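Structure data follow from entry.txt (compact mmCIF, C-alpha atoms and all ligand atoms):
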# COMPACT_ATOMS: atom_id res chain seq x y z
CA MET A 15 147.72 156.99 -35.31
CA HIS A 16 146.55 158.57 -38.58
CA ASP A 17 147.71 162.03 -39.62
CA LEU A 18 144.28 163.24 -40.75
CA VAL A 19 140.68 162.02 -40.73
CA LEU A 20 137.73 163.33 -42.75
CA LYS A 21 134.87 162.46 -40.43
CA GLY A 22 131.31 161.38 -41.16
CA GLY A 23 131.01 162.39 -44.82
CA ARG A 24 129.11 160.57 -47.54
CA VAL A 25 131.99 158.82 -49.27
CA VAL A 26 131.30 158.38 -52.98
CA ASP A 27 134.09 156.34 -54.57
CA PRO A 28 132.99 154.60 -57.78
CA SER A 29 136.33 152.76 -57.98
CA GLN A 30 135.17 150.68 -54.99
CA ASN A 31 131.43 150.87 -55.67
CA LEU A 32 131.20 152.80 -52.42
CA ASP A 33 128.46 155.24 -51.41
CA ALA A 34 128.17 155.28 -47.62
CA ILE A 35 128.75 157.39 -44.52
CA MET A 36 132.38 156.70 -43.62
CA ASP A 37 135.52 158.21 -42.18
CA VAL A 38 138.55 158.49 -44.46
CA ALA A 39 142.01 158.53 -42.91
CA PHE A 40 145.39 159.59 -44.31
CA SER A 41 148.91 158.80 -43.15
CA GLY A 42 152.34 159.31 -44.68
CA GLY A 43 150.81 161.01 -47.73
CA LYS A 44 148.51 158.10 -48.56
CA VAL A 45 144.97 156.96 -47.86
CA SER A 46 145.40 154.75 -44.78
CA GLU A 47 141.90 153.57 -43.87
CA ILE A 48 138.21 153.85 -44.72
CA ALA A 49 135.86 152.73 -41.94
CA PRO A 50 132.64 153.81 -40.22
CA ASN A 51 134.37 155.15 -37.14
CA ILE A 52 138.06 156.00 -36.98
CA ALA A 53 139.00 157.40 -33.58
CA GLU A 54 142.71 158.03 -33.60
CA ALA A 55 144.09 160.91 -35.62
CA ARG A 56 146.30 163.92 -35.11
CA LYS A 57 143.78 166.07 -36.94
CA THR A 58 140.06 165.64 -37.56
CA VAL A 59 137.98 167.52 -40.11
CA GLN A 60 134.18 167.26 -39.93
CA ALA A 61 132.65 166.27 -43.27
CA LYS A 62 129.09 165.60 -42.02
CA GLY A 63 126.48 166.56 -44.63
CA ARG A 64 129.16 166.68 -47.30
CA VAL A 65 130.35 164.38 -50.05
CA VAL A 66 133.88 162.99 -49.87
CA SER A 67 135.26 161.79 -53.20
CA PRO A 68 138.67 160.73 -54.45
CA GLY A 69 140.71 163.78 -55.50
CA LEU A 70 139.10 165.10 -58.68
CA ILE A 71 141.07 164.83 -61.93
CA ASP A 72 140.55 167.33 -64.75
CA LEU A 73 141.46 165.48 -67.96
CA HIS A 74 141.59 168.58 -70.14
CA ALA A 75 143.33 171.65 -68.72
CA HIS A 76 146.06 174.03 -69.93
CA VAL A 77 148.41 174.73 -67.06
CA TYR A 78 151.79 175.57 -68.60
CA VAL A 79 151.49 178.94 -66.89
CA GLY A 80 154.00 181.58 -67.94
CA GLY A 81 155.68 179.38 -70.55
CA THR A 82 152.69 179.65 -72.89
CA SER A 83 150.01 182.29 -73.32
CA ILE A 84 147.20 179.74 -73.02
CA GLY A 85 148.28 178.36 -69.63
CA VAL A 86 146.70 179.12 -66.25
CA ASP A 87 148.09 178.46 -62.77
CA PRO A 88 146.90 175.04 -61.58
CA ASP A 89 147.49 175.72 -57.88
CA ALA A 90 145.23 178.77 -58.08
CA LEU A 91 142.35 176.49 -59.18
CA VAL A 92 142.61 173.73 -56.57
CA ALA A 93 140.52 175.27 -53.77
CA GLN A 94 137.67 176.47 -56.00
CA SER A 95 137.46 173.47 -58.31
CA GLY A 96 138.39 170.64 -55.94
CA THR A 97 140.80 169.39 -58.59
CA THR A 98 143.90 167.65 -57.24
CA THR A 99 145.29 166.41 -60.57
CA PHE A 100 145.38 168.47 -63.75
CA VAL A 101 145.96 166.57 -66.96
CA ASP A 102 147.44 169.05 -69.37
CA ALA A 103 145.96 168.57 -72.82
CA GLY A 104 149.00 169.12 -75.00
CA THR A 105 150.01 172.65 -74.11
CA ALA A 106 153.66 171.62 -74.56
CA GLY A 107 155.20 169.78 -77.48
CA ALA A 108 158.63 168.27 -77.99
CA ALA A 109 160.27 171.71 -78.02
CA ASN A 110 159.15 172.80 -74.57
CA MET A 111 158.24 169.70 -72.54
CA LEU A 112 161.43 170.08 -70.49
CA GLY A 113 160.50 173.68 -69.64
CA PHE A 114 156.99 172.60 -68.64
CA ARG A 115 158.49 169.94 -66.40
CA LYS A 116 161.17 172.10 -64.75
CA HIS A 117 159.25 175.34 -64.35
CA VAL A 118 155.72 174.14 -63.63
CA ILE A 119 155.20 170.41 -63.07
CA GLU A 120 158.04 170.07 -60.55
CA LYS A 121 157.20 173.38 -58.82
CA VAL A 122 153.45 173.30 -58.23
CA ARG A 123 151.79 171.44 -55.36
CA SER A 124 148.91 170.02 -57.38
CA ARG A 125 149.62 167.01 -59.58
CA VAL A 126 150.15 167.73 -63.28
CA ILE A 127 150.26 164.98 -65.91
CA PRO A 128 150.82 166.08 -69.52
CA TYR A 129 149.82 164.84 -72.91
CA ILE A 130 152.53 165.82 -75.40
CA ASN A 131 151.31 167.83 -78.39
CA ILE A 132 152.11 166.30 -81.77
CA ALA A 133 153.14 169.80 -82.87
CA PHE A 134 156.75 170.62 -81.96
CA PRO A 135 156.05 173.96 -80.18
CA GLY A 136 152.78 172.90 -78.52
CA ILE A 137 149.99 175.49 -78.40
CA TYR A 138 152.18 178.51 -78.89
CA ALA A 139 149.96 181.39 -80.05
CA PHE A 140 146.64 181.53 -78.21
CA SER A 141 145.15 184.74 -76.81
CA HIS A 142 142.32 187.23 -77.33
CA GLU A 143 144.37 188.94 -80.03
CA VAL A 144 146.66 186.28 -81.50
CA MET A 145 145.35 182.90 -82.63
CA VAL A 146 147.62 180.77 -84.81
CA GLY A 147 146.97 177.04 -84.78
CA GLU A 148 149.93 174.75 -84.10
CA CYS A 149 148.78 172.25 -86.76
CA GLN A 150 148.59 174.73 -89.62
CA ASP A 151 152.15 174.11 -90.77
CA LEU A 152 152.81 170.38 -91.12
CA ARG A 153 156.56 170.98 -90.88
CA LEU A 154 155.93 171.42 -87.14
CA LEU A 155 154.40 167.96 -86.80
CA ASP A 156 157.51 165.82 -86.58
CA VAL A 157 156.67 162.32 -85.37
CA ARG A 158 160.30 161.49 -84.55
CA GLU A 159 160.75 164.49 -82.25
CA CYS A 160 157.43 163.82 -80.53
CA VAL A 161 158.42 160.20 -79.85
CA ARG A 162 161.96 161.07 -78.74
CA VAL A 163 160.85 163.66 -76.17
CA ALA A 164 157.88 161.62 -74.96
CA ARG A 165 160.37 158.83 -74.18
CA GLU A 166 162.64 161.25 -72.30
CA HIS A 167 159.64 162.11 -70.10
CA LYS A 168 157.95 158.75 -70.05
CA ASP A 169 157.44 158.96 -66.28
CA LEU A 170 155.05 161.86 -67.00
CA VAL A 171 153.64 161.81 -70.53
CA CYS A 172 150.26 160.02 -70.64
CA GLY A 173 149.47 160.30 -74.35
CA VAL A 174 149.67 162.34 -77.55
CA LYS A 175 147.37 165.33 -78.06
CA VAL A 176 146.28 166.67 -81.40
CA ARG A 177 144.01 169.57 -82.26
CA CYS A 178 142.71 168.60 -85.66
CA GLY A 179 140.18 171.01 -87.11
CA LYS A 180 139.91 174.18 -89.10
CA GLY A 181 140.81 176.37 -86.10
CA ALA A 182 144.05 174.62 -85.19
CA GLY A 183 144.94 172.90 -88.47
CA GLY A 184 143.64 175.21 -91.21
CA THR A 185 143.04 173.13 -94.32
CA ASN A 186 145.26 170.22 -93.24
CA GLY A 187 142.23 168.06 -92.52
CA ILE A 188 142.90 164.64 -91.05
CA ALA A 189 146.72 164.70 -91.54
CA PRO A 190 147.54 165.96 -88.01
CA LEU A 191 145.48 163.12 -86.47
CA ASP A 192 147.20 160.51 -88.65
CA LEU A 193 150.58 161.82 -87.50
CA ALA A 194 149.52 161.84 -83.85
CA ILE A 195 148.32 158.23 -84.11
CA GLU A 196 151.61 157.24 -85.77
CA ALA A 197 153.52 158.70 -82.79
CA ALA A 198 151.13 157.21 -80.23
CA GLU A 199 151.37 153.74 -81.77
CA GLU A 200 155.16 153.88 -81.59
CA LEU A 201 154.94 154.97 -77.93
CA GLY A 202 152.20 152.52 -76.99
CA LEU A 203 150.10 155.43 -75.65
CA PRO A 204 146.59 156.74 -76.31
CA VAL A 205 145.70 159.80 -78.36
CA MET A 206 143.47 162.67 -77.32
CA ALA A 207 141.88 164.21 -80.41
CA HIS A 208 140.14 167.55 -80.41
CA LEU A 209 137.29 168.33 -82.75
CA ASP A 210 136.33 171.77 -83.99
CA LEU A 211 135.09 172.85 -87.41
CA ALA A 212 135.73 170.55 -90.38
CA PRO A 213 138.03 169.63 -91.95
CA PRO A 214 138.31 166.99 -90.65
CA THR A 215 134.76 165.80 -90.11
CA ARG A 216 133.52 164.00 -87.04
CA LYS A 217 133.25 160.83 -89.12
CA GLU A 218 136.86 160.97 -90.31
CA VAL A 219 138.12 161.47 -86.75
CA LEU A 220 135.95 158.79 -85.11
CA SER A 221 136.73 156.18 -87.74
CA ARG A 222 140.44 156.50 -86.97
CA LEU A 223 140.38 156.59 -83.15
CA ARG A 224 141.39 153.36 -81.46
CA PRO A 225 140.07 151.70 -78.28
CA GLY A 226 141.22 153.83 -75.32
CA ASP A 227 141.74 156.97 -77.41
CA VAL A 228 139.87 160.06 -76.23
CA LEU A 229 137.62 162.36 -78.24
CA THR A 230 137.52 165.69 -76.44
CA HIS A 231 134.89 168.43 -76.95
CA CYS A 232 132.48 165.51 -77.33
CA PHE A 233 129.27 167.51 -76.64
CA ARG A 234 130.19 170.42 -78.91
CA PRO A 235 127.44 172.37 -80.68
CA PHE A 236 126.69 172.19 -84.41
CA PRO A 237 128.60 171.68 -86.70
CA ASN A 238 130.51 168.45 -86.07
CA ALA A 239 128.17 167.86 -83.10
CA PRO A 240 127.58 164.26 -81.95
CA VAL A 241 123.79 164.64 -82.27
CA GLY A 242 121.93 164.85 -85.55
CA PRO A 243 119.05 167.22 -86.38
CA ASP A 244 116.71 164.68 -84.74
CA GLY A 245 118.50 165.30 -81.42
CA LYS A 246 119.81 161.73 -81.25
CA PRO A 247 123.40 160.47 -81.11
CA ARG A 248 124.74 159.84 -84.61
CA GLN A 249 125.50 156.32 -85.75
CA GLU A 250 129.27 156.82 -85.99
CA VAL A 251 129.30 158.16 -82.42
CA LEU A 252 127.59 155.01 -81.13
CA GLU A 253 129.90 152.80 -83.18
CA ALA A 254 133.04 154.51 -81.83
CA ARG A 255 131.82 154.06 -78.26
CA ALA A 256 131.17 150.37 -78.90
CA LYS A 257 134.75 150.14 -80.19
CA GLY A 258 136.09 151.64 -76.92
CA VAL A 259 136.66 155.30 -77.83
CA LEU A 260 136.29 157.50 -74.73
CA TYR A 261 134.15 160.65 -74.78
CA ASP A 262 135.43 163.67 -72.85
CA ILE A 263 133.55 166.96 -72.36
CA GLY A 264 136.47 169.48 -72.65
CA HIS A 265 134.12 172.44 -72.10
CA GLY A 266 136.40 175.38 -72.95
CA LYS A 267 135.32 178.54 -74.68
CA GLY A 268 133.60 176.99 -77.69
CA SER A 269 133.01 173.30 -77.12
CA PHE A 270 130.03 172.58 -74.86
CA GLY A 271 126.40 173.18 -75.82
CA PHE A 272 123.42 172.51 -73.53
CA ASN A 273 121.30 171.50 -76.50
CA THR A 274 123.80 168.87 -77.63
CA ALA A 275 124.17 167.64 -74.04
CA ARG A 276 120.40 167.34 -73.60
CA GLY A 277 120.09 165.24 -76.75
CA MET A 278 122.91 162.94 -75.72
CA ILE A 279 121.81 162.52 -72.09
CA ARG A 280 118.12 162.11 -72.99
CA ASN A 281 119.19 159.19 -75.14
CA GLY A 282 121.28 157.65 -72.38
CA PHE A 283 124.66 158.67 -73.80
CA MET A 284 126.69 159.93 -70.82
CA PRO A 285 130.21 161.27 -71.24
CA ASP A 286 132.97 158.99 -69.97
CA VAL A 287 134.90 161.98 -68.65
CA ILE A 288 133.93 165.51 -67.56
CA SER A 289 136.68 168.08 -68.00
CA SER A 290 136.95 171.85 -68.16
CA ASP A 291 139.41 172.74 -70.94
CA VAL A 292 140.31 175.60 -68.64
CA HIS A 293 142.71 178.05 -70.29
CA CYS A 294 143.45 181.79 -70.44
CA LEU A 295 140.17 182.56 -72.21
CA SER A 296 137.68 179.97 -70.83
CA ILE A 297 138.66 180.68 -67.20
CA GLU A 298 136.69 183.94 -67.50
CA GLY A 299 133.65 181.83 -68.48
CA PRO A 300 131.75 179.99 -69.72
CA ALA A 301 133.89 177.08 -68.43
CA TYR A 302 135.45 178.73 -65.33
CA ASP A 303 136.67 175.43 -63.86
CA ASN A 304 135.78 171.75 -63.71
CA LEU A 305 133.45 172.00 -60.71
CA VAL A 306 131.23 174.39 -62.68
CA THR A 307 131.28 171.93 -65.60
CA MET A 308 130.38 169.08 -63.22
CA SER A 309 127.50 171.16 -61.79
CA LYS A 310 126.15 171.69 -65.32
CA LEU A 311 126.14 167.94 -66.04
CA LEU A 312 124.47 167.28 -62.66
CA CYS A 313 121.73 169.79 -63.51
CA LEU A 314 121.35 168.26 -66.98
CA GLY A 315 120.43 164.94 -65.39
CA MET A 316 123.58 162.96 -64.68
CA GLU A 317 123.61 161.16 -61.32
CA LEU A 318 126.11 162.38 -58.72
CA LYS A 319 127.92 159.04 -58.67
CA ASP A 320 128.32 159.19 -62.47
CA VAL A 321 129.59 162.78 -62.32
CA ILE A 322 132.18 161.69 -59.75
CA LYS A 323 133.07 158.59 -61.76
CA ALA A 324 133.67 160.83 -64.79
CA THR A 325 136.13 162.95 -62.80
CA THR A 326 137.93 160.22 -60.85
CA ILE A 327 138.36 156.56 -61.82
CA ASN A 328 137.32 156.98 -65.46
CA VAL A 329 139.98 159.67 -65.89
CA ALA A 330 142.62 157.61 -64.11
CA LYS A 331 141.88 154.76 -66.51
CA ALA A 332 142.01 157.05 -69.56
CA ILE A 333 145.53 158.20 -68.60
CA ARG A 334 146.51 154.72 -67.39
CA ARG A 335 147.23 155.88 -63.85
CA PRO A 336 144.95 153.54 -61.89
CA GLU A 337 146.51 154.54 -58.56
CA LEU A 338 144.75 157.91 -58.91
CA GLY A 339 141.01 158.57 -58.74
CA THR A 340 140.44 156.18 -55.85
CA LEU A 341 140.34 156.18 -52.06
CA LYS A 342 141.55 152.59 -51.73
CA PRO A 343 143.99 152.39 -48.79
CA GLY A 344 147.55 152.73 -50.08
CA SER A 345 146.58 155.14 -52.87
CA PRO A 346 148.00 158.68 -53.10
CA GLY A 347 146.23 160.71 -50.40
CA ASP A 348 144.07 162.96 -52.57
CA ALA A 349 140.45 163.69 -51.69
CA THR A 350 137.84 166.34 -52.40
CA VAL A 351 135.10 167.39 -49.97
CA LEU A 352 132.04 168.77 -51.74
CA GLU A 353 128.91 170.53 -50.62
CA ILE A 354 125.79 170.10 -52.75
CA GLN A 355 123.79 173.32 -52.63
CA ASN A 356 120.11 173.32 -53.59
CA GLY A 357 118.46 176.42 -55.01
CA LYS A 358 118.31 178.29 -58.29
CA PHE A 359 121.60 178.75 -60.12
CA GLU A 360 122.36 180.26 -63.51
CA TYR A 361 124.60 178.38 -65.92
CA ILE A 362 125.77 179.43 -69.36
CA ASP A 363 127.07 177.39 -72.32
CA VAL A 364 129.42 178.39 -75.14
CA LEU A 365 126.55 179.69 -77.29
CA GLY A 366 125.35 181.98 -74.52
CA GLU A 367 122.32 179.88 -73.64
CA VAL A 368 121.38 180.38 -70.01
CA MET A 369 120.07 177.39 -68.06
CA MET A 370 118.57 177.58 -64.58
CA GLY A 371 119.80 174.64 -62.53
CA ASP A 372 118.65 173.44 -59.12
CA LYS A 373 122.02 172.25 -57.85
CA LYS A 374 125.51 173.57 -57.44
CA LEU A 375 128.65 171.77 -56.34
CA VAL A 376 130.90 173.79 -54.07
CA CYS A 377 134.31 172.70 -52.88
CA ALA A 378 134.55 172.67 -49.08
CA ASP A 379 138.00 171.14 -48.63
CA VAL A 380 140.79 169.47 -50.55
CA VAL A 381 143.39 166.96 -49.43
CA VAL A 382 146.53 166.58 -51.54
CA GLY A 383 149.20 164.06 -50.63
CA GLY A 384 147.51 163.40 -47.29
CA ARG A 385 147.50 167.04 -46.20
CA LEU A 386 144.81 169.69 -46.13
CA TRP A 387 145.34 172.02 -49.07
CA ARG A 388 144.38 175.11 -47.02
CA GLU A 389 147.23 174.35 -44.61
CA LEU A 390 149.79 173.88 -47.39
CA ASN A 391 149.41 177.46 -48.57
ZN ZN B 1 142.18 172.44 -74.86
Output the structure of this file as C-alpha cells.
Ligand SMILES: [Zn+2]
Amino acid sequence: MHDLVLKGGRVVDPSQNLDAIMDVAFSGGKVSEIAPNIAEARKTVQAKGRVVSPGLIDLHAHVYVGGTSIGVDPDALVAQSGTTTFVDAGTAGAANMLGFRKHVIEKVRSRVIPYINIAFPGIYAFSHEVMVGECQDLRLLDVRECVRVAREHKDLVCGVKVRCGKGAGGTNGIAPLDLAIEAAEELGLPVMAHLDLAPPTRKEVLSRLRPGDVLTHCFRPFPNAPVGPDGKPRQEVLEARAKGVLYDIGHGKGSFGFNTARGMIRNGFMPDVISSDVHCLSIEGPAYDNLVTMSKLLCLGMELKDVIKATTINVAKAIRRPELGTLKPGSPGDATVLEIQNGKFEYIDVLGEVMMGDKKLVCADVVVGGRLWRELN
C-alpha cells in the first residue's frame, strides 16, 4: 500500500515526455508509481483539474537566512511558490559554507543545494542601505580556498558562482569570472555567471563560458541585454547557446525586462531555466517568488510544458542532480500541484513596466520527501 496518492491530475513531467491524466503515488519518501488508477493508499489527495509536476527547482535563490543579509527563509516560500528545491546562487563562499550547511541546509525541510561563491565571504553586504560587491577586492577571490572548501562539501556544492559586473565587481572587469572558471575547472564543476552593467561586457562573459555553464539574468534589460536594438537575439548569444551555455532567467530586483523577453521569445529563443533570484529585496517585488516568474513567462508565450521543463528536469541537469526534477518511480518524492487560473492579472518587471496577463499559476499543494508539505508544518 502506498503512503500517499495524488489522484486524477494532469501530470506534466517533461523528463518522461509525459502529459496525461494520471495518479502519482509515494511511499517511503520516494515516488512509487505513476498509473491511470491507483486504488490503494493510506492517504488520497484529489488533484482533478490541476497540474501535477515534479517538485519545482529554483536555480537562483538566496536562502542563507540569518547568516547573510541577502538571505530569505526557504521554508517560508515552499507553499506559495511550489518550490521543493532551492539552489542557492553563491550566497556563501569558502568562509561561511560550513555555517550555511549547519545552520540552514541541515535544518530546513525544503532541499537546498548551494553554488559556492568565488569570493571568500560570499555575498556579505547586501541591503537597502548597504551595498558592497564581494568581487570588488580581488584579494577576496582566492581560488585555493574556494576549491578546498568546495571539496569539503562536495556532497552539496553544485558549482561555482560569480557576480561579475560593475555592481558586484567595480572596475575588475572579467577577472572574477576568470578566477571562478579556474576554480570550477579544478573541481570539475560548472560555473554560474551573473551579468550586470559592464565591465565586463556580455561578449566577454559569453566567449569564456563553457558547455554546461550557466548565464543568469539572461533576459536582463539594456545595457548588456541579449537582444540588440532590432529586438533580435545577438549573434554572440546564439553562438554561446550552440556551444552549450545554459540561459537562466534569475529575475531578481534588476534583471528581467518584459521587452527583452518579448524579443527573445518572439524569435524562438526560450530560456533553458526559469528562476527567481529571490532575496531580501526582490521578495517584496518585482520577483516575489519563482511561481510569479513562471506565470510571467507563461503569459509571454511559453508553453506550460516548457515552463515546467525549465523549472524541473532542465534545472536538475544544470546542477547535475538528475534524480531531481522527475516523477520517475524511485526518485525523491517531490511534487508540486498547480492550479492554472484564467482571468486578468497584473505583472510588473524590473523597469516598472506593467503587463496584463491572462493566466496565473497558483500552488495548490506540495509534496516533499513523499509527504504533504501542509502536514509537515
Ligand atoms: Zn542572485
How close does each residue of region 137-237 of chain A get to region 325-339 of chain A, giving the shortest atom pair and distance in Å to one decimal for every residue with an atom at most 8 Å away, counting all atoms listed in the file, sorted by chain and residue number, as a tab-separated table?
residue	atom	partner	partner_atom	distance
A:Cys172	CA	A:Ile333	CA	5.5
A:Gly173	CA	A:Ile333	CA	7.3
A:Pro204	CA	A:Ile333	CA	7.9
A:Gly226	CA	A:Ala332	CA	6.6
A:Asp227	CA	A:Ala332	CA	7.9
A:Val228	CA	A:Ala332	CA	7.6
Just want the residues within 9 Å of ligand ZN 1 (chain B), written as a ChimeraX atom specification, counting only C-alpha atoms and all ligand atoms.
/A:74-76,102-105,177,208,230-231,264-266,290-293
Show me, as a list in words, the residues that have an atom within 8 Å of region 273-282 of chain A when counting only C-alpha atoms, minus same-chain residues fewer than 6 positions from it.
Phe233, Arg234, Pro235, Ala239, Pro240, Val241, Gly245, Lys246, Pro247, Leu314, Gly315 and Met316 of chain A
Taking only residues of region 308-362 of chain A that have an atom at most 12 Å from an atom of region 19-27 of chain A, what is each one's shortest atom pair and its distance in Å to one decimal, using all atoms listed in the file, in chain and number order, as JSON lines?
{"residue": "A:Glu317", "atom": "CA", "partner": "A:Val26", "partner_atom": "CA", "distance": 11.7}
{"residue": "A:Leu318", "atom": "CA", "partner": "A:Val26", "partner_atom": "CA", "distance": 8.7}
{"residue": "A:Lys319", "atom": "CA", "partner": "A:Val26", "partner_atom": "CA", "distance": 6.7}
{"residue": "A:Asp320", "atom": "CA", "partner": "A:Val26", "partner_atom": "CA", "distance": 10.0}
{"residue": "A:Val321", "atom": "CA", "partner": "A:Val26", "partner_atom": "CA", "distance": 10.5}
{"residue": "A:Ile322", "atom": "CA", "partner": "A:Val26", "partner_atom": "CA", "distance": 7.6}
{"residue": "A:Lys323", "atom": "CA", "partner": "A:Asp27", "partner_atom": "CA", "distance": 7.6}
{"residue": "A:Ala324", "atom": "CA", "partner": "A:Asp27", "partner_atom": "CA", "distance": 11.2}
{"residue": "A:Thr325", "atom": "CA", "partner": "A:Asp27", "partner_atom": "CA", "distance": 10.8}
{"residue": "A:Thr326", "atom": "CA", "partner": "A:Asp27", "partner_atom": "CA", "distance": 8.3}
{"residue": "A:Ile327", "atom": "CA", "partner": "A:Asp27", "partner_atom": "CA", "distance": 8.4}
{"residue": "A:Asn328", "atom": "CA", "partner": "A:Asp27", "partner_atom": "CA", "distance": 11.4}
{"residue": "A:Leu338", "atom": "CA", "partner": "A:Asp27", "partner_atom": "CA", "distance": 11.6}
{"residue": "A:Gly339", "atom": "CA", "partner": "A:Asp27", "partner_atom": "CA", "distance": 8.4}
{"residue": "A:Thr340", "atom": "CA", "partner": "A:Asp27", "partner_atom": "CA", "distance": 6.5}
{"residue": "A:Leu341", "atom": "CA", "partner": "A:Asp27", "partner_atom": "CA", "distance": 6.7}
{"residue": "A:Lys342", "atom": "CA", "partner": "A:Asp27", "partner_atom": "CA", "distance": 8.8}
{"residue": "A:Gly347", "atom": "CA", "partner": "A:Val19", "partner_atom": "CA", "distance": 11.2}
{"residue": "A:Asp348", "atom": "CA", "partner": "A:Leu20", "partner_atom": "CA", "distance": 11.7}
{"residue": "A:Ala349", "atom": "CA", "partner": "A:Leu20", "partner_atom": "CA", "distance": 9.4}
{"residue": "A:Thr350", "atom": "CA", "partner": "A:Val25", "partner_atom": "CA", "distance": 10.0}
{"residue": "A:Val351", "atom": "CA", "partner": "A:Gly23", "partner_atom": "CA", "distance": 8.3}
{"residue": "A:Leu352", "atom": "CA", "partner": "A:Gly23", "partner_atom": "CA", "distance": 9.5}
{"residue": "A:Glu353", "atom": "CA", "partner": "A:Gly23", "partner_atom": "CA", "distance": 10.2}
{"residue": "A:Ile354", "atom": "CA", "partner": "A:Arg24", "partner_atom": "CA", "distance": 11.4}
Do you have the CA of Val66 (chain A)-CA of Asp17 (chain A) distance handy?
17.2 Å
Write out as a PyMOL selection string which residues come within 10 Å of Leu365 (chain A) when counting only C-alpha atoms, dropping same-chain ones fewer than 2 positions away.
chain A and resi 235+267-273+300+362-363+367-368
Rank A:Leu18, A:Leu211, A:Val161, A:Met111 by their smallest atom-to-atom distance to Ala198 (chain A), using all atoms listed in the file, and report the top residue only.
A:Val161
If you measure from CA of Pro343 (chain A) to CA of Val45 (chain A), what distance in Å do you get, rounded to one decimal?
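CA of Val45 (chain A) lies 4.8 Å from CA of Pro343 (chain A).
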Need the shell around Val174 (chain A): protein/DNA/RNA residues with any atom at most 7 Å away, counting all atoms listed in the file. Skip same-chain ones fewer than 5 positions apart. Format as a ChimeraX atom specification?
/A:129-132,194,198,204-206
Take the residues just selected and output them with C-alpha atoms as an mmCIF file, keeping the file's coordinate frame.
data_model
loop_
_atom_site.group_PDB
_atom_site.id
_atom_site.type_symbol
_atom_site.label_atom_id
_atom_site.label_comp_id
_atom_site.auth_asym_id
_atom_site.auth_seq_id
_atom_site.Cartn_x
_atom_site.Cartn_y
_atom_site.Cartn_z
ATOM 1 C CA TYR A 129 149.820 164.840 -72.910
ATOM 2 C CA ILE A 130 152.530 165.820 -75.400
ATOM 3 C CA ASN A 131 151.310 167.830 -78.390
ATOM 4 C CA ILE A 132 152.110 166.300 -81.770
ATOM 5 C CA ALA A 194 149.520 161.840 -83.850
ATOM 6 C CA ALA A 198 151.130 157.210 -80.230
ATOM 7 C CA PRO A 204 146.590 156.740 -76.310
ATOM 8 C CA VAL A 205 145.700 159.800 -78.360
ATOM 9 C CA MET A 206 143.470 162.670 -77.320
#
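Among the candidate residues A:Leu70, A:Val144, A:Cys232, A:Ala254, the one lying nearest to Gln94 (chain A) is A:Leu70, with distances computed using only C-alpha atoms.
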Please indicate the distance in Å from CA of Ser289 (chain A) to CA of Cys313 (chain A), rounded to one decimal place.
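Pair CA of Ser289 (chain A) / CA of Cys313 (chain A) returns 15.7 Å.
Candidate residues A:Glu166, A:Asp372, A:Glu389, A:Glu120 were compared for distance to Tyr78 (chain A), and the nearest is A:Glu120, using all atoms listed in the file.
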Which residue is closest to Gly113 (chain A)? Choose from A:Gln30, A:Ser95, A:Thr82, A:Ser309 and count only C-alpha atoms.
A:Thr82
Choose the residue, out of A:Glu148, A:Val126, A:Ser67, A:Ser141, that has the smallest atom-to-atom separation from Asp169 (chain A); count all atoms listed in the file.
A:Val126
Surrounding residues of Tyr138 (chain A) excluding itself and chain neighbours under 2 positions, 12 Å, all atoms listed in the file, as a PyMOL selection string:
chain A and resi 76+78+80-85+104-107+109-110+131+133-136+140-141+144-150+154+182
Name the closest residue to Arg125 (chain A) among the candidates A:Gly258, A:Pro225, A:Gly366, A:Pro88; distances are taken between atoms, counting all atoms listed in the file.
A:Pro88
Residues within 8 Å of Leu91 (chain A), all atoms listed in the file, excluding chain neighbours under 5 positions, as an mmCIF file with C-alpha atoms, keeping the file's coordinate frame:
data_model
loop_
_atom_site.group_PDB
_atom_site.id
_atom_site.type_symbol
_atom_site.label_atom_id
_atom_site.label_comp_id
_atom_site.auth_asym_id
_atom_site.auth_seq_id
_atom_site.Cartn_x
_atom_site.Cartn_y
_atom_site.Cartn_z
ATOM 1 C CA GLY A 96 138.390 170.640 -55.940
ATOM 2 C CA THR A 97 140.800 169.390 -58.590
ATOM 3 C CA ASP A 303 136.670 175.430 -63.860
#
